[in-house]
Amino acid sequence: MVAQLLFYKIMAQRRMFALKIIDSDAFLDMPMTSQLLYFHLNMRADDDGFVGNPKRIMKMLGSTDDDLKVLMGKRFVLAFESGVIVIKHWRMNNLIRKDFYQETQYLEEKEKLYLKENKAYTDNPENGEKLIVNNLLTQYSIGKDSIGKDIESGKATPSQEMNQFLESDEYLDRVAEYICQKKSLPKDFVVKELKSFKGYWSERNKSGTKQRWELEKTFELSRRITTWFANLQKFNKTKTIQSL
């Protein structure tokens with residue numbers, strides 16, 4: 001077991017481990033099986049430290065529920081009702097280059113986290129600062145003379161933002177350019193998906209008085225687009241780009 005743990009520590013070239021964490025008494029006091037699970041969860045986490053399939057990883061390792069409960073009890077991982085977990089000390093273990101970083105698809109879970117001074121995650125709002133969830137549109141510099149200037153400055157409402165997206169091909173094209181840069185996807189594919197997104201949310205109700213997006217209690221365009229492309233990745237639809 002010790003040799004297997006050492007092997008995974010050496011082979012973790014993509015994901016790093018801070019000695020401050022794995023050499024701590026709290027970590028070393030855990031059963032070896034819980035330590036092994038911790039290394040595997042870290043190696044398979046996304047760039048924000050989230051793992052969406054911990055049960056699958058546990059099954060692959062032969063880990064028990066108790067192994068995960070130990071990690072949760074010792075607060076080495078934080079769990080959500082959705083079944084997703086996050087590595088508490090992820091940002092202490094890893095430093096992801098900005099040009100390689102891809103935000104997690106688990107944005108609802110991320111919004112529930114706070115960041116402590118030591119860069120550890122916490123779910124206690126009194127112990128840290130609110131995490132910033134990246135805004136897909138406002139990160140992209142559209143240009144001061146473009147239709148997006150009011151959105152970037154915060155002057156546009158979510159409804160105005162959505163209406164501009166629906167009515168302006170130029171705005172859609174600029175969003176597509178940003179996604180291509182961020183996700184490294186072909187523009188033809190991204191534009192096609194944005195048009196599908198646009199068609200889905202602009203569909204009118206039976207009376208023809210409102211579009212689908214207007215029936216939602218809240219609608220934030222950047223969040224919905226992020227979720228749309230996250231679902232493409234989740235269901236492996238992006239594999240179709242290889243045929244383009």
# chains A, B, ... in the order shown; residues from 1 in each chain; ligands from 1
>>> residues_around(residues="A:Met162", least_positions_apart="2", cutoff="9 Å", atoms="only C-alpha atoms", output="list in words")
Thr157, Pro158, Ser159, Gln160, Gln164, Phe165, Leu166, Glu167, Trp213, Phe219, Glu220 and Leu221 of chain A
>>> write_last_selection(atoms="N, CA and C atoms", output="PDB file, in the first residue's frame")
ATOM      1  N   THR A 157     -29.314  45.597 -18.118  1.00  0.00           N
ATOM      2  CA  THR A 157     -29.994  44.593 -17.309  1.00  0.00           C
ATOM      3  C   THR A 157     -29.872  43.240 -17.993  1.00  0.00           C
ATOM      4  N   PRO A 158     -30.130  42.141 -17.266  1.00  0.00           N
ATOM      5  CA  PRO A 158     -30.098  40.824 -17.913  1.00  0.00           C
ATOM      6  C   PRO A 158     -31.036  40.735 -19.124  1.00  0.00           C
ATOM      7  N   SER A 159     -32.192  41.395 -19.053  1.00  0.00           N
ATOM      8  CA  SER A 159     -33.135  41.378 -20.176  1.00  0.00           C
ATOM      9  C   SER A 159     -32.558  42.107 -21.381  1.00  0.00           C
ATOM     10  N   GLN A 160     -31.934  43.260 -21.134  1.00  0.00           N
ATOM     11  CA  GLN A 160     -31.320  44.008 -22.229  1.00  0.00           C
ATOM     12  C   GLN A 160     -30.186  43.214 -22.862  1.00  0.00           C
ATOM     13  N   GLN A 164     -30.108  41.956 -26.772  1.00  0.00           N
ATOM     14  CA  GLN A 164     -29.024  42.285 -27.692  1.00  0.00           C
ATOM     15  C   GLN A 164     -28.438  41.031 -28.321  1.00  0.00           C
ATOM     16  N   PHE A 165     -28.311  39.998 -27.530  1.00  0.00           N
ATOM     17  CA  PHE A 165     -27.788  38.725 -28.052  1.00  0.00           C
ATOM     18  C   PHE A 165     -28.716  38.175 -29.135  1.00  0.00           C
ATOM     19  N   LEU A 166     -30.022  38.243 -28.902  1.00  0.00           N
ATOM     20  CA  LEU A 166     -30.995  37.696 -29.847  1.00  0.00           C
ATOM     21  C   LEU A 166     -31.101  38.528 -31.120  1.00  0.00           C
ATOM     22  N   GLU A 167     -30.917  39.827 -30.983  1.00  0.00           N
ATOM     23  CA  GLU A 167     -31.182  40.721 -32.113  1.00  0.00           C
ATOM     24  C   GLU A 167     -29.949  41.062 -32.941  1.00  0.00           C
ATOM     25  N   TRP A 213     -37.134  32.088 -22.670  1.00  0.00           N
ATOM     26  CA  TRP A 213     -36.264  32.670 -21.659  1.00  0.00           C
ATOM     27  C   TRP A 213     -37.018  33.644 -20.755  1.00  0.00           C
ATOM     28  N   PHE A 219     -32.773  34.853 -15.492  1.00  0.00           N
ATOM     29  CA  PHE A 219     -32.084  34.423 -16.708  1.00  0.00           C
ATOM     30  C   PHE A 219     -30.847  35.289 -16.888  1.00  0.00           C
ATOM     31  N   GLU A 220     -29.694  34.694 -16.653  1.00  0.00           N
ATOM     32  CA  GLU A 220     -28.417  35.365 -16.863  1.00  0.00           C
ATOM     33  C   GLU A 220     -27.751  34.720 -18.070  1.00  0.00           C
ATOM     34  N   LEU A 221     -27.600  35.494 -19.122  1.00  0.00           N
ATOM     35  CA  LEU A 221     -27.119  34.958 -20.392  1.00  0.00           C
ATOM     36  C   LEU A 221     -25.784  34.240 -20.262  1.00  0.00           C
TER      37      LEU A 221
END
>>> residues_around(residues="A:Gln105", least_positions_apart="6", cutoff="8 Å", atoms="only C-alpha atoms", output="JSON, numbers by chain")
{"A": [226, 227, 230]}
>>> residues_around(residues="A:Asp67", least_positions_apart="5", cutoff="10 Å", atoms="only C-alpha atoms", output="MDAnalysis selection string")
chainID A and resid 30:38 58 72:73
>>> atom_distance(atom1="atom CA of A:Ser222", atom2="atom CA of A:Glu109")
16.7 Å
